[in-house]
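Quick look at upload.pdb (PDB, C-alpha atoms):
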ATOM      1  CA  MET A   1       0.000   0.000   0.000
ATOM      2  CA  GLU A   2       1.816   3.050  -1.307
ATOM      3  CA  LEU A   3       0.284   5.649   1.036
ATOM      4  CA  LEU A   4       1.363   3.714   4.130
ATOM      5  CA  LYS A   5       4.842   3.158   2.677
ATOM      6  CA  GLN A   6       5.132   6.902   2.031
ATOM      7  CA  ARG A   7       4.105   7.804   5.607
ATOM      8  CA  ILE A   8       6.584   5.304   7.060
ATOM      9  CA  ARG A   9       9.371   6.792   4.923
ATOM     10  CA  GLU A  10       8.401  10.363   5.888
ATOM     11  CA  ALA A  11       7.619  10.000   9.586
ATOM     12  CA  GLY A  12       8.739   6.553  10.756
ATOM     13  CA  ILE A  13      11.690   6.389  13.139
ATOM     14  CA  ALA A  14      14.074   3.437  13.375
ATOM     15  CA  ARG A  15      14.541   3.440  17.167
ATOM     16  CA  THR A  16      16.598   0.250  17.144
ATOM     17  CA  GLU A  17      17.299  -2.502  14.631
ATOM     18  CA  GLU A  18      13.998  -4.078  15.732
ATOM     19  CA  ILE A  19      11.732  -1.178  16.786
ATOM     20  CA  LEU A  20       9.971   0.956  14.183
ATOM     21  CA  ASP A  21       8.276   3.976  15.783
ATOM     22  CA  VAL A  22       5.146   5.056  13.913
ATOM     23  CA  SER A  23       3.575   6.877  16.855
ATOM     24  CA  THR A  24       3.258  10.244  15.093
ATOM     25  CA  PHE A  25       0.680   8.926  12.625
ATOM     26  CA  PHE A  26      -0.375   5.413  13.581
ATOM     27  CA  ASN A  27      -0.733   4.506  17.238
ATOM     28  CA  ALA A  28      -0.266   7.495  19.566
ATOM     29  CA  GLN A  29      -1.359  10.218  17.170
ATOM     30  CA  VAL A  30      -3.670   8.783  14.527
ATOM     31  CA  ASP A  31      -3.965  10.032  10.951
ATOM     32  CA  ALA A  32      -7.636   9.253  10.284
ATOM     33  CA  THR A  33      -7.283   9.797   6.529
ATOM     34  CA  LEU A  34      -4.494   7.222   6.424
ATOM     35  CA  MET A  35      -6.512   4.820   8.601
ATOM     36  CA  GLN A  36      -9.474   5.187   6.245
ATOM     37  CA  ALA A  37      -7.250   4.319   3.263
ATOM     38  CA  ILE A  38      -5.782   1.343   5.154
ATOM     39  CA  GLY A  39      -9.273   0.128   6.066
ATOM     40  CA  GLN A  40     -10.497   0.477   2.490
ATOM     41  CA  ASP A  41      -7.463  -1.461   1.246
ATOM     42  CA  PHE A  42      -8.254  -4.320   3.648
ATOM     43  CA  ALA A  43     -11.945  -4.279   2.649
ATOM     44  CA  ASP A  44     -10.976  -4.427  -1.023
ATOM     45  CA  TYR A  45      -8.435  -7.202  -0.502
ATOM     46  CA  PHE A  46     -10.827  -9.362   1.542
ATOM     47  CA  ALA A  47     -13.925  -8.630  -0.591
ATOM     48  CA  ASN A  48     -13.969 -12.162  -2.039
ATOM     49  CA  HIS A  49     -13.349 -13.912   1.284
ATOM     50  CA  GLU A  50     -16.352 -15.455   3.028
ATOM     51  CA  PHE A  51     -16.330 -14.170   6.609
ATOM     52  CA  ASP A  52     -18.661 -12.908   9.325
ATOM     53  CA  ALA A  53     -16.573 -10.363  11.221
ATOM     54  CA  PHE A  54     -13.229  -8.703  11.728
ATOM     55  CA  VAL A  55     -11.360  -8.990  15.025
ATOM     56  CA  THR A  56      -8.438  -7.015  16.360
ATOM     57  CA  VAL A  57      -6.481  -7.043  19.593
ATOM     58  CA  GLU A  58      -6.470  -3.774  21.526
ATOM     59  CA  SER A  59      -5.201  -1.160  20.988
ATOM     60  CA  SER A  60      -3.143  -0.117  17.948
ATOM     61  CA  GLY A  61      -5.134  -2.284  15.557
ATOM     62  CA  ILE A  62      -8.424  -0.596  16.440
ATOM     63  CA  ALA A  63      -8.189   2.442  14.133
ATOM     64  CA  PRO A  64      -7.472   0.552  10.886
ATOM     65  CA  SER A  65      -9.962  -2.180  11.869
ATOM     66  CA  VAL A  66     -12.794   0.284  12.413
ATOM     67  CA  PHE A  67     -12.316   1.637   8.907
ATOM     68  CA  ALA A  68     -12.032  -1.890   7.444
ATOM     69  CA  SER A  69     -15.261  -2.804   9.227
ATOM     70  CA  LEU A  70     -17.003   0.297   7.912
ATOM     71  CA  ALA A  71     -15.788  -0.189   4.326
ATOM     72  CA  ALA A  72     -16.645  -3.914   4.262
ATOM     73  CA  GLN A  73     -19.901  -3.501   6.196
ATOM     74  CA  LYS A  74     -18.862  -6.247   8.620
ATOM     75  CA  PRO A  75     -18.896  -6.149  12.440
ATOM     76  CA  LEU A  76     -15.692  -5.637  14.414
ATOM     77  CA  VAL A  77     -14.867  -7.462  17.646
ATOM     78  CA  ILE A  78     -12.125  -5.969  19.816
ATOM     79  CA  ILE A  79     -10.261  -8.594  21.806
ATOM     80  CA  LYS A  80      -9.089  -7.203  25.132
ATOM     81  CA  LYS A  81      -5.835  -7.907  26.956
ATOM     82  CA  SER A  82      -6.750  -8.959  30.482
ATOM     83  CA  GLN A  83      -4.212  -9.388  33.244
ATOM     84  CA  LYS A  84      -6.384 -11.875  35.122
ATOM     85  CA  LEU A  85      -8.013 -15.167  34.340
ATOM     86  CA  LEU A  86     -11.802 -14.813  34.396
ATOM     87  CA  ASP A  87     -14.096 -17.410  35.903
ATOM     88  CA  ASP A  88     -17.149 -16.454  33.854
ATOM     89  CA  PRO A  89     -18.615 -18.678  31.115
ATOM     90  CA  ARG A  90     -19.641 -15.618  29.069
ATOM     91  CA  TYR A  91     -15.971 -14.974  28.274
ATOM     92  CA  ILE A  92     -13.320 -16.945  26.453
ATOM     93  CA  GLN A  93      -9.592 -16.434  27.000
ATOM     94  CA  GLN A  94      -6.225 -17.456  25.636
ATOM     95  CA  GLU A  95      -2.961 -17.028  27.520
ATOM     96  CA  SER A  96      -0.501 -14.879  25.567
ATOM     97  CA  PHE A  97       2.855 -13.172  25.905
ATOM     98  CA  SER A  98       3.982  -9.800  24.550
ATOM     99  CA  PHE A  99       7.551  -9.950  23.270
ATOM    100  CA  THR A 100       7.519  -6.152  22.865
ATOM    101  CA  LYS A 101       6.452  -5.423  26.438
ATOM    102  CA  GLY A 102       7.817  -8.590  28.032
ATOM    103  CA  ASN A 103       4.631  -9.497  29.903
ATOM    104  CA  ALA A 104       1.980 -12.197  29.961
ATOM    105  CA  TYR A 105      -1.730 -11.493  29.543
ATOM    106  CA  HIS A 106      -4.956 -13.183  28.447
ATOM    107  CA  LEU A 107      -6.689 -12.432  25.156
ATOM    108  CA  THR A 108     -10.299 -11.998  26.251
ATOM    109  CA  THR A 109     -13.636 -11.617  24.483
ATOM    110  CA  GLN A 110     -17.256 -12.536  24.946
ATOM    111  CA  LEU A 111     -17.903 -16.006  23.608
ATOM    112  CA  ASP A 112     -21.115 -15.050  21.799
ATOM    113  CA  PHE A 113     -19.252 -12.393  19.742
ATOM    114  CA  ILE A 114     -17.177 -15.038  17.946
ATOM    115  CA  LYS A 115     -18.792 -18.457  18.498
ATOM    116  CA  GLY A 116     -18.992 -20.417  15.264
ATOM    117  CA  LYS A 117     -18.022 -17.436  13.103
ATOM    118  CA  ARG A 118     -15.594 -17.035  10.228
ATOM    119  CA  ILE A 119     -13.142 -14.311  11.228
ATOM    120  CA  ILE A 120     -10.508 -12.069   9.666
ATOM    121  CA  LEU A 121      -7.904 -10.700  12.074
ATOM    122  CA  ILE A 122      -6.540  -7.186  11.488
ATOM    123  CA  ASP A 123      -3.384  -6.167  13.354
ATOM    124  CA  ASP A 124      -0.935  -3.287  13.194
ATOM    125  CA  PHE A 125       2.408  -5.133  13.259
ATOM    126  CA  LEU A 126       3.571  -8.670  12.534
ATOM    127  CA  ALA A 127       6.855  -9.613  14.202
ATOM    128  CA  GLN A 128       6.954 -13.050  15.860
ATOM    129  CA  GLY A 129       3.482 -14.175  14.773
ATOM    130  CA  SER A 130       2.362 -14.960  18.312
ATOM    131  CA  VAL A 131      -0.728 -12.715  18.202
ATOM    132  CA  VAL A 132      -1.990 -14.475  15.073
ATOM    133  CA  THR A 133      -1.310 -17.906  16.573
ATOM    134  CA  ASN A 134      -2.951 -17.037  19.908
ATOM    135  CA  VAL A 135      -5.995 -15.418  18.266
ATOM    136  CA  GLU A 136      -6.436 -18.539  16.122
ATOM    137  CA  THR A 137      -6.259 -20.722  19.258
ATOM    138  CA  LEU A 138      -8.831 -18.484  20.974
ATOM    139  CA  LEU A 139     -11.146 -18.716  17.949
ATOM    140  CA  ASN A 140     -10.784 -22.498  17.786
ATOM    141  CA  LYS A 141     -11.936 -22.711  21.419
ATOM    142  CA  ALA A 142     -15.147 -20.974  20.278
ATOM    143  CA  ASP A 143     -15.628 -23.207  17.222
ATOM    144  CA  ALA A 144     -14.735 -20.170  15.109
ATOM    145  CA  THR A 145     -12.369 -20.104  12.135
ATOM    146  CA  LEU A 146      -9.533 -17.726  11.336
ATOM    147  CA  VAL A 147     -10.090 -17.248   7.599
ATOM    148  CA  ALA A 148      -7.267 -14.774   6.993
ATOM    149  CA  THR A 149      -5.104 -12.117   8.608
ATOM    150  CA  GLY A 150      -4.520  -8.531   7.515
ATOM    151  CA  ILE A 151      -1.351  -6.845   8.761
ATOM    152  CA  CYS A 152      -0.512  -3.176   8.298
ATOM    153  CA  ILE A 153       3.273  -3.494   8.771
ATOM    154  CA  SER A 154       5.192  -6.764   8.644
ATOM    155  CA  LYS A 155       8.667  -6.745  10.194
ATOM    156  CA  ASP A 156      10.122  -9.258   7.746
ATOM    157  CA  TYR A 157      13.467  -9.219   9.595
ATOM    158  CA  GLN A 158      11.651 -11.135  12.345
ATOM    159  CA  PRO A 159      10.216 -14.642  11.779
ATOM    160  CA  GLY A 160       6.443 -14.041  11.932
ATOM    161  CA  PHE A 161       5.553 -13.609   8.257
ATOM    162  CA  GLN A 162       7.825 -16.418   7.111
ATOM    163  CA  LYS A 163       6.531 -18.764   9.810
ATOM    164  CA  LEU A 164       2.858 -18.087   9.045
ATOM    165  CA  SER A 165       3.401 -18.297   5.279
ATOM    166  CA  ALA A 166       5.258 -21.600   5.633
ATOM    167  CA  ALA A 167       2.290 -22.923   7.653
ATOM    168  CA  GLY A 168      -0.033 -22.068   4.761
ATOM    169  CA  LYS A 169      -1.825 -19.199   6.521
ATOM    170  CA  ASP A 170      -3.590 -16.552   4.415
ATOM    171  CA  VAL A 171      -1.715 -13.401   5.478
ATOM    172  CA  TYR A 172      -1.974 -10.094   3.629
ATOM    173  CA  CYS A 173       0.597  -7.466   4.622
ATOM    174  CA  GLN A 174       0.198  -3.926   3.343
ATOM    175  CA  VAL A 175       3.875  -3.068   3.915
ATOM    176  CA  HIS A 176       6.906  -5.325   4.311
ATOM    177  CA  VAL A 177       9.776  -3.730   6.263
ATOM    178  CA  THR A 178      12.970  -5.712   5.656
ATOM    179  CA  GLY A 179      15.349  -3.866   7.973
ATOM    180  CA  LEU A 180      16.025  -0.850  10.164
ATOM    181  CA  ASN A 181      19.183   1.192  10.736
ATOM    182  CA  PRO A 182      18.828   3.469  13.768
ATOM    183  CA  GLU A 183      22.126   5.271  13.069
ATOM    184  CA  THR A 184      20.914   6.616   9.720
ATOM    185  CA  ASN A 185      17.146   6.210  10.347
ATOM    186  CA  ALA A 186      17.050   3.996   7.252
ATOM    187  CA  ILE A 187      13.828   2.030   6.945
ATOM    188  CA  HIS A 188      14.105  -0.635   4.256
ATOM    189  CA  ILE A 189      10.776  -1.438   2.615
ATOM    190  CA  LYS A 190      10.154  -4.178   0.060
TER     191      LYS A 190
END

Could you quickly redo this structure as structure tokens?
Amino acid sequence: MELLKQRIREAGIARTEEILDVSTFFNAQVDATLMQAIGQDFADYFANHEFDAFVTVESSGIAPSVFASLAAQKPLVIIKKSQKLLDDPRYIQQESFSFTKGNAYHLTTQLDFIKGKRIILIDDFLAQGSVVTNVETLLNKADATLVATGICISKDYQPGFQKLSAAGKDVYCQVHVTGLNPETNAIHIK
């Protein structure tokens, strides 16, 4: 997606060889026009997929997912990150770990939001692939199916995209970043 590539080149910051900072337009300060274009791109790409709803994991994936939901006229379910295990049959959870933040949490949503549905996951970044794997496990617990995954920015210098592709997963990435150089702020995009 050319518009997203352009914004990354203009305003992205290579903080380290692994961390791409897009906070000025993506996840701390949000460019709604860009999010609308991202959402429309996802809706167009997934137009021929049979699915019931989009899901995203809070919080950076919410903005592009809302616009994808609007453009595709499909509901959006936001999966929360809970620090505690719930003892309530209305909710379904999956234990997860954030490599970025170094902490464990539980992906949490109401069972009736996803039970038996065909789902497309939208997420902001793909690095290790653990969010996709854990969301798929959560959906399987609810007899739901992960049909495909839409990623805004894939960090191809980490194993997530390659691992999911090798497993035969349907993963659409709008931008593939192949490397970062914090000394020169070089952001290499495929």

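Distance check against Ser23 in chain A using all atoms listed in the file: of A:Lys81, A:Asp124, A:Lys141, A:Val57, the minimum falls on A:Asp124.
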
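Nearest-residue note for Cys173 in chain A: choosing from A:Leu86, A:Leu121, A:Ala32, A:Leu146, the minimum distance belongs to A:Leu121, counting all atoms listed in the file.
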
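Using only C-alpha atoms for every distance, the candidate list A:Thr178, A:Thr137, A:Gln110, A:Asn103 yields A:Thr178 as the residue closest to Ser154 in chain A.
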
_Residues within 12 Å of Gln162 in chain A, please, as a VMD selection string. Count only C-alpha atoms; anything in the same chain fewer than 3 positions from it doesn't count._
chain A and resid 126 to 129 154 to 159 165 to 171 173 176 178

Just C-alpha atoms for this one: save the residues we selected as a PDB file, in the frame of the given file.
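The resulting file, result.pdb, is shown below:
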ATOM      1  CA  LEU A 126       3.571  -8.670  12.534  1.00  0.00           C
ATOM      2  CA  ALA A 127       6.855  -9.613  14.202  1.00  0.00           C
ATOM      3  CA  GLN A 128       6.954 -13.050  15.860  1.00  0.00           C
ATOM      4  CA  GLY A 129       3.482 -14.175  14.773  1.00  0.00           C
ATOM      5  CA  SER A 154       5.192  -6.764   8.644  1.00  0.00           C
ATOM      6  CA  LYS A 155       8.667  -6.745  10.194  1.00  0.00           C
ATOM      7  CA  ASP A 156      10.122  -9.258   7.746  1.00  0.00           C
ATOM      8  CA  TYR A 157      13.467  -9.219   9.595  1.00  0.00           C
ATOM      9  CA  GLN A 158      11.651 -11.135  12.345  1.00  0.00           C
ATOM     10  CA  PRO A 159      10.216 -14.642  11.779  1.00  0.00           C
ATOM     11  CA  SER A 165       3.401 -18.297   5.279  1.00  0.00           C
ATOM     12  CA  ALA A 166       5.258 -21.600   5.633  1.00  0.00           C
ATOM     13  CA  ALA A 167       2.290 -22.923   7.653  1.00  0.00           C
ATOM     14  CA  GLY A 168      -0.033 -22.068   4.761  1.00  0.00           C
ATOM     15  CA  LYS A 169      -1.825 -19.199   6.521  1.00  0.00           C
ATOM     16  CA  ASP A 170      -3.590 -16.552   4.415  1.00  0.00           C
ATOM     17  CA  VAL A 171      -1.715 -13.401   5.478  1.00  0.00           C
ATOM     18  CA  CYS A 173       0.597  -7.466   4.622  1.00  0.00           C
ATOM     19  CA  HIS A 176       6.906  -5.325   4.311  1.00  0.00           C
ATOM     20  CA  THR A 178      12.970  -5.712   5.656  1.00  0.00           C
TER      21      THR A 178
END

*Nearest to Leu20 in chain A, chosen from A:Gly39, A:Phe125, A:Tyr172, A:Ala142, with only C-alpha atoms counted in the distances*: A:Phe125
